[in-house]
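Below is one structure, written out as structure tokens; the observations come after it.
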Amino acid sequence: MIRFSVNGALQQVDDGRGADTLLDFLHDDLGLTGSKLCCGIGVCRACTVSVAKGENPTQVPVIACSTPLSTLDDCRITTVEGLAPPGQVTDIQQAFLSEFAFQCGYCTPGFVMAASILLDRLARDPVPADRLEHEIAGAIGPHICRCTGYVRYHAALSRVAAQVNAGAS
């Protein structure tokens, strides 16, 4: 039996489903369709979710379209749906809205998750101010946006990250 949680709810799947992808499980079993299937090979990162292993609080971005369930035993998974209660948004989600960061919005969940993971890390372990832009580029730089919203995503994350990083110092 493979055991993990998704947005705080315990999930158990038979070992025979170990090769199923996390994205298929989220979509088909849980009805969580916020994480998007785009390229299907982990390049675009629209399917990014947050994963923390065991008791370790450190979140890492995981590409759900190519991650087998067998690798997730004892993990805590957070999807874009699990970041805020229904009808509410996080600071980064509000910043993306305020900056009009997206056009079609298909890649937005991946950007939101990557940004949220970075903000969590900065809150726990701030970086020197001169390294912040490098950290932002590392977090969202690999994400692909077909509508070319990169500048606005970067501006929104820069604003929120500077506040979180300074507040944690």
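In the structure tokens, each chain is lettered A, B, ... as it comes, each chain's residues begin at 1, and ligands are numbered from 1 in order of appearance.
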If you take only C-alpha atoms and a cut-off of 12 Å, which residues of stretch 67-90 of chain A touch stretch 13-35 of chain A, and what are their nearest atom pairs and distances in Å to one decimal, in chain and number order, as JSON lines?
{"residue": "A:Thr67", "atom": "CA", "partner": "A:Thr21", "partner_atom": "CA", "distance": 5.3}
{"residue": "A:Pro68", "atom": "CA", "partner": "A:Thr21", "partner_atom": "CA", "distance": 4.4}
{"residue": "A:Leu69", "atom": "CA", "partner": "A:Gly18", "partner_atom": "CA", "distance": 4.8}
{"residue": "A:Ser70", "atom": "CA", "partner": "A:Gly18", "partner_atom": "CA", "distance": 4.2}
{"residue": "A:Thr71", "atom": "CA", "partner": "A:Gly18", "partner_atom": "CA", "distance": 7.8}
{"residue": "A:Leu72", "atom": "CA", "partner": "A:Leu22", "partner_atom": "CA", "distance": 8.7}
{"residue": "A:Asp73", "atom": "CA", "partner": "A:Val13", "partner_atom": "CA", "distance": 9.7}
{"residue": "A:Cys75", "atom": "CA", "partner": "A:Leu22", "partner_atom": "CA", "distance": 11.9}
{"residue": "A:Ile77", "atom": "CA", "partner": "A:Leu22", "partner_atom": "CA", "distance": 9.8}
{"residue": "A:Thr78", "atom": "CA", "partner": "A:Ser35", "partner_atom": "CA", "distance": 10.5}
{"residue": "A:Thr79", "atom": "CA", "partner": "A:Ser35", "partner_atom": "CA", "distance": 7.0}
{"residue": "A:Val80", "atom": "CA", "partner": "A:Gly34", "partner_atom": "CA", "distance": 6.1}
{"residue": "A:Glu81", "atom": "CA", "partner": "A:Gly34", "partner_atom": "CA", "distance": 6.5}
{"residue": "A:Gly82", "atom": "CA", "partner": "A:Leu32", "partner_atom": "CA", "distance": 9.6}
{"residue": "A:Leu83", "atom": "CA", "partner": "A:Gly34", "partner_atom": "CA", "distance": 11.3}
So that I can see what lies close to A:Arg121, please list as an mmCIF file with all heavy atoms, in the first residue's frame the residues with an atom at most 12 Å from it, counting only C-alpha atoms and leaving out residues fewer than 5 positions away in the same chain.
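Written output follows (result.cif):
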data_model
loop_
_atom_site.group_PDB
_atom_site.id
_atom_site.type_symbol
_atom_site.label_atom_id
_atom_site.label_comp_id
_atom_site.auth_asym_id
_atom_site.auth_seq_id
_atom_site.Cartn_x
_atom_site.Cartn_y
_atom_site.Cartn_z
ATOM 1 N N SER A 50 3.603 20.722 -4.971
ATOM 2 C CA SER A 50 4.569 20.764 -3.884
ATOM 3 C C SER A 50 4.563 19.424 -3.166
ATOM 4 O O SER A 50 3.499 18.879 -2.876
ATOM 5 C CB SER A 50 4.174 21.876 -2.904
ATOM 6 O OG SER A 50 4.914 21.768 -1.714
ATOM 7 N N PRO A 57 9.818 19.590 6.735
ATOM 8 C CA PRO A 57 8.931 20.651 6.254
ATOM 9 C C PRO A 57 9.314 21.203 4.885
ATOM 10 O O PRO A 57 8.547 21.947 4.281
ATOM 11 C CB PRO A 57 9.077 21.744 7.321
ATOM 12 C CG PRO A 57 10.469 21.545 7.848
ATOM 13 C CD PRO A 57 10.709 20.057 7.790
ATOM 14 N N THR A 58 10.485 20.845 4.379
ATOM 15 C CA THR A 58 10.960 21.397 3.122
ATOM 16 C C THR A 58 10.111 20.907 1.959
ATOM 17 O O THR A 58 9.988 19.710 1.712
ATOM 18 C CB THR A 58 12.432 21.019 2.882
ATOM 19 O OG1 THR A 58 13.212 21.479 3.983
ATOM 20 C CG2 THR A 58 12.942 21.631 1.593
ATOM 21 N N GLN A 59 9.536 21.851 1.253
ATOM 22 C CA GLN A 59 8.727 21.553 0.070
ATOM 23 C C GLN A 59 9.628 21.613 -1.158
ATOM 24 O O GLN A 59 10.492 22.471 -1.254
ATOM 25 C CB GLN A 59 7.626 22.586 -0.092
ATOM 26 C CG GLN A 59 6.669 22.683 1.058
ATOM 27 C CD GLN A 59 5.694 23.817 0.855
ATOM 28 O OE1 GLN A 59 5.240 24.070 -0.253
ATOM 29 N NE2 GLN A 59 5.372 24.515 1.920
ATOM 30 N N VAL A 60 9.374 20.703 -2.082
ATOM 31 C CA VAL A 60 10.089 20.728 -3.351
ATOM 32 C C VAL A 60 9.069 20.680 -4.481
ATOM 33 O O VAL A 60 8.011 20.067 -4.347
ATOM 34 C CB VAL A 60 11.107 19.564 -3.490
ATOM 35 C CG1 VAL A 60 12.217 19.687 -2.467
ATOM 36 C CG2 VAL A 60 10.423 18.231 -3.381
ATOM 37 N N PRO A 61 9.387 21.330 -5.586
ATOM 38 C CA PRO A 61 8.482 21.241 -6.737
ATOM 39 C C PRO A 61 8.612 19.875 -7.398
ATOM 40 O O PRO A 61 9.724 19.378 -7.583
ATOM 41 C CB PRO A 61 8.962 22.367 -7.656
ATOM 42 C CG PRO A 61 10.377 22.624 -7.258
ATOM 43 C CD PRO A 61 10.513 22.226 -5.821
ATOM 44 N N ALA A 114 5.350 26.908 -7.932
ATOM 45 C CA ALA A 114 6.785 27.174 -7.838
ATOM 46 C C ALA A 114 7.040 28.415 -6.980
ATOM 47 O O ALA A 114 7.952 28.423 -6.140
ATOM 48 C CB ALA A 114 7.379 27.351 -9.227
ATOM 49 N N ALA A 115 6.240 29.453 -7.186
ATOM 50 C CA ALA A 115 6.389 30.681 -6.406
ATOM 51 C C ALA A 115 6.079 30.428 -4.931
ATOM 52 O O ALA A 115 6.801 30.905 -4.043
ATOM 53 C CB ALA A 115 5.482 31.770 -6.970
ATOM 54 N N SER A 116 5.042 29.659 -4.658
ATOM 55 C CA SER A 116 4.661 29.361 -3.271
ATOM 56 C C SER A 116 5.752 28.580 -2.548
ATOM 57 O O SER A 116 6.040 28.838 -1.372
ATOM 58 C CB SER A 116 3.353 28.567 -3.240
ATOM 59 O OG SER A 116 2.299 29.341 -3.760
ATOM 60 N N PRO A 126 15.813 33.058 4.829
ATOM 61 C CA PRO A 126 16.002 34.196 3.934
ATOM 62 C C PRO A 126 17.383 34.173 3.267
ATOM 63 O O PRO A 126 18.321 33.573 3.782
ATOM 64 C CB PRO A 126 15.885 35.417 4.847
ATOM 65 C CG PRO A 126 15.369 34.920 6.142
ATOM 66 C CD PRO A 126 15.620 33.446 6.213
ATOM 67 N N VAL A 127 17.451 34.822 2.131
ATOM 68 C CA VAL A 127 18.718 34.931 1.405
ATOM 69 C C VAL A 127 19.156 36.389 1.413
ATOM 70 O O VAL A 127 18.333 37.291 1.599
ATOM 71 C CB VAL A 127 18.580 34.419 -0.050
ATOM 72 C CG1 VAL A 127 18.194 32.944 -0.068
ATOM 73 C CG2 VAL A 127 17.606 35.248 -0.849
ATOM 74 N N LEU A 132 18.360 37.437 -4.197
ATOM 75 C CA LEU A 132 16.932 37.192 -4.355
ATOM 76 C C LEU A 132 16.531 37.004 -5.818
ATOM 77 O O LEU A 132 15.789 36.081 -6.149
ATOM 78 C CB LEU A 132 16.124 38.319 -3.713
ATOM 79 C CG LEU A 132 14.630 38.076 -3.618
ATOM 80 C CD1 LEU A 132 14.309 36.778 -2.875
ATOM 81 C CD2 LEU A 132 13.963 39.254 -2.916
ATOM 82 N N GLU A 135 17.366 33.567 -6.970
ATOM 83 C CA GLU A 135 16.440 32.572 -6.416
ATOM 84 C C GLU A 135 15.116 32.577 -7.183
ATOM 85 O O GLU A 135 14.541 31.520 -7.455
ATOM 86 C CB GLU A 135 16.193 32.826 -4.930
ATOM 87 C CG GLU A 135 17.420 32.697 -4.062
ATOM 88 C CD GLU A 135 17.974 31.281 -4.016
ATOM 89 O OE1 GLU A 135 17.183 30.320 -4.051
ATOM 90 O OE2 GLU A 135 19.212 31.146 -3.943
ATOM 91 N N ILE A 136 14.627 33.753 -7.525
ATOM 92 C CA ILE A 136 13.381 33.866 -8.285
ATOM 93 C C ILE A 136 13.553 33.240 -9.663
ATOM 94 O O ILE A 136 12.702 32.468 -10.116
ATOM 95 C CB ILE A 136 12.937 35.344 -8.380
ATOM 96 C CG1 ILE A 136 12.513 35.839 -6.994
ATOM 97 C CG2 ILE A 136 11.826 35.528 -9.406
ATOM 98 C CD1 ILE A 136 12.356 37.332 -6.893
ATOM 99 N N ALA A 139 13.485 29.545 -9.423
ATOM 100 C CA ALA A 139 12.174 28.971 -9.090
ATOM 101 C C ALA A 139 11.218 28.956 -10.277
ATOM 102 O O ALA A 139 10.565 27.947 -10.542
ATOM 103 C CB ALA A 139 11.547 29.748 -7.928
ATOM 104 N N ALA A 161 8.231 38.232 -2.918
ATOM 105 C CA ALA A 161 9.438 37.611 -2.362
ATOM 106 C C ALA A 161 10.275 38.618 -1.576
ATOM 107 O O ALA A 161 10.825 38.273 -0.531
ATOM 108 C CB ALA A 161 10.269 36.977 -3.476
ATOM 109 N N VAL A 164 8.574 38.957 1.808
ATOM 110 C CA VAL A 164 8.758 37.755 2.635
ATOM 111 C C VAL A 164 10.198 37.638 3.089
ATOM 112 O O VAL A 164 10.470 37.383 4.274
ATOM 113 C CB VAL A 164 8.320 36.481 1.858
ATOM 114 C CG1 VAL A 164 8.763 35.217 2.583
ATOM 115 C CG2 VAL A 164 6.826 36.490 1.635
ATOM 116 N N ASN A 165 11.123 37.837 2.184
ATOM 117 C CA ASN A 165 12.548 37.718 2.497
ATOM 118 C C ASN A 165 12.968 38.747 3.532
ATOM 119 O O ASN A 165 13.681 38.433 4.476
ATOM 120 C CB ASN A 165 13.378 37.854 1.219
ATOM 121 C CG ASN A 165 14.792 37.355 1.381
ATOM 122 O OD1 ASN A 165 15.013 36.231 1.796
ATOM 123 N ND2 ASN A 165 15.749 38.197 1.026
ATOM 124 N N ALA A 168 11.446 37.988 7.024
ATOM 125 C CA ALA A 168 12.006 36.820 7.689
ATOM 126 C C ALA A 168 13.405 37.092 8.228
ATOM 127 O O ALA A 168 13.907 36.339 9.051
ATOM 128 C CB ALA A 168 12.040 35.633 6.720
#
Which residue, A:Ala95, A:Ile41, A:Ala64, A:Ala129, has the smallest gap to A:Ala155 when you use only C-alpha atoms?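 Under the stated criterion, the closest residue is A:Ala95.
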Pull the strand (DSSP E or B) assignments for stretch 6-161 of chain A out of DSSP run on the backbone, and list those residues as a ChimeraX atom specification. /A:6,9-13,21,48-53,60-63,68,75-78
Would you mind reading off the distance between atom CA of A:Ile63 and atom CA of A:Ser158, one decimal, in Å?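 Atom-to-atom, atom CA of A:Ile63 to atom CA of A:Ser158, that is 23.1 Å.
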